[in-house]
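Worksheet for the structure shown next.
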Amino acid sequence: MTFLEKNDSFEGKVIVITAPSGAGKTTIVQHLLNKYDFLDFSVSATNREKRKGEKDGVDYYFLSTSDFKKKIKKGEFLEWEEVYPGKFYGTLSSEVQKAWEAKKHVIFDIEVKGAGNIKKKYPNHSLAIFIRPPSIKALEDRLTNRKTETSRSLKKRLDRAKMEMTYEHEFDKILVNDLLEVALEEGEEMIENFIIK
Ligand code: 5GP
């Protein structure tokens, strides 16, 4: 019997995973999604360029700037941010609806300000986890090894990461991502305590 079959009265919850860019949150979110079938990923919308290997509707809904702005006007976003100059990212309310209708809890991979806003929308049904990288140097190394950034965009990401590190006290739990294996186990424990126990 799965967890969901045991629970007839479903109450949708949200898990927000946030971190400075390059702290490893996507790896952690993907691990949790693979492990727990009661979780559903909230696919965000963005107007940034698609990276190699990314799929529309899976990693993001890739929109033109004008389509993104139309959705803002129509009130389709639960939250949105201009994360880098001219680069918009937002959570569509329909993603949460869709997951809850399927009796799944929603997991988000978003930056710190959006994460704080989601937490405020669902104060009693949310767990917000901040992933702390071991150091700014470790972040720089990860972003460099990922080879997705130019030196200019790397600098923008690092500047933003330094600002984002000052937000950690706003979240429910802090997960230090030094040794990935340890971080994954600690992340599992946090989710299980919040959802299952
Ligand atoms: P990337 O370009 O590396 O995919 O994402 C850049 C940043 O935007 C990351 O910190 C990512 O978590 C964040 N992000 C992704 N989706 C959303 C969203 O829907 N809302 C907000 N506020 N940030 C998001």
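Residues in the structure tokens are named by chain (A, B, ... in the order shown) and by number from 1 within that chain; ligands are numbered from 1 in the order shown.
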
May I have the residues within 10 Å of ligand 1, computed using only C-alpha atoms and all ligand atoms, as a VMD selection string? chain A and resid 16 to 23 25 to 26 42 to 51 54 59 to 61 77 to 84 87 to 92 108 to 118 143 148 to 149 157 160 to 161 164

Please extract the residues of region 9-191 of chain A with a backbone DSSP assignment of strand (DSSP E or B) and present them as a ChimeraX atom specification. /A:14-18,39-41,44-46,56,60-62,77-84,87-92,105-109,126-132,173-176

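Every protein or nucleic acid residue with an atom no more than 12 Å from Met190 (chain A), counting only C-alpha atoms and leaving out same-chain residues fewer than 2 positions away, appears here: Ile15, Val16, Ile17, Leu32, Leu127, Ala128, Ile129, Phe130, Asp172, Lys173, Ile174, Leu175, Ala183, Leu184, Glu185, Glu186, Gly187, Glu188, Glu192, Asn193, Phe194, Ile195, Ile196 and Lys197 of chain A.
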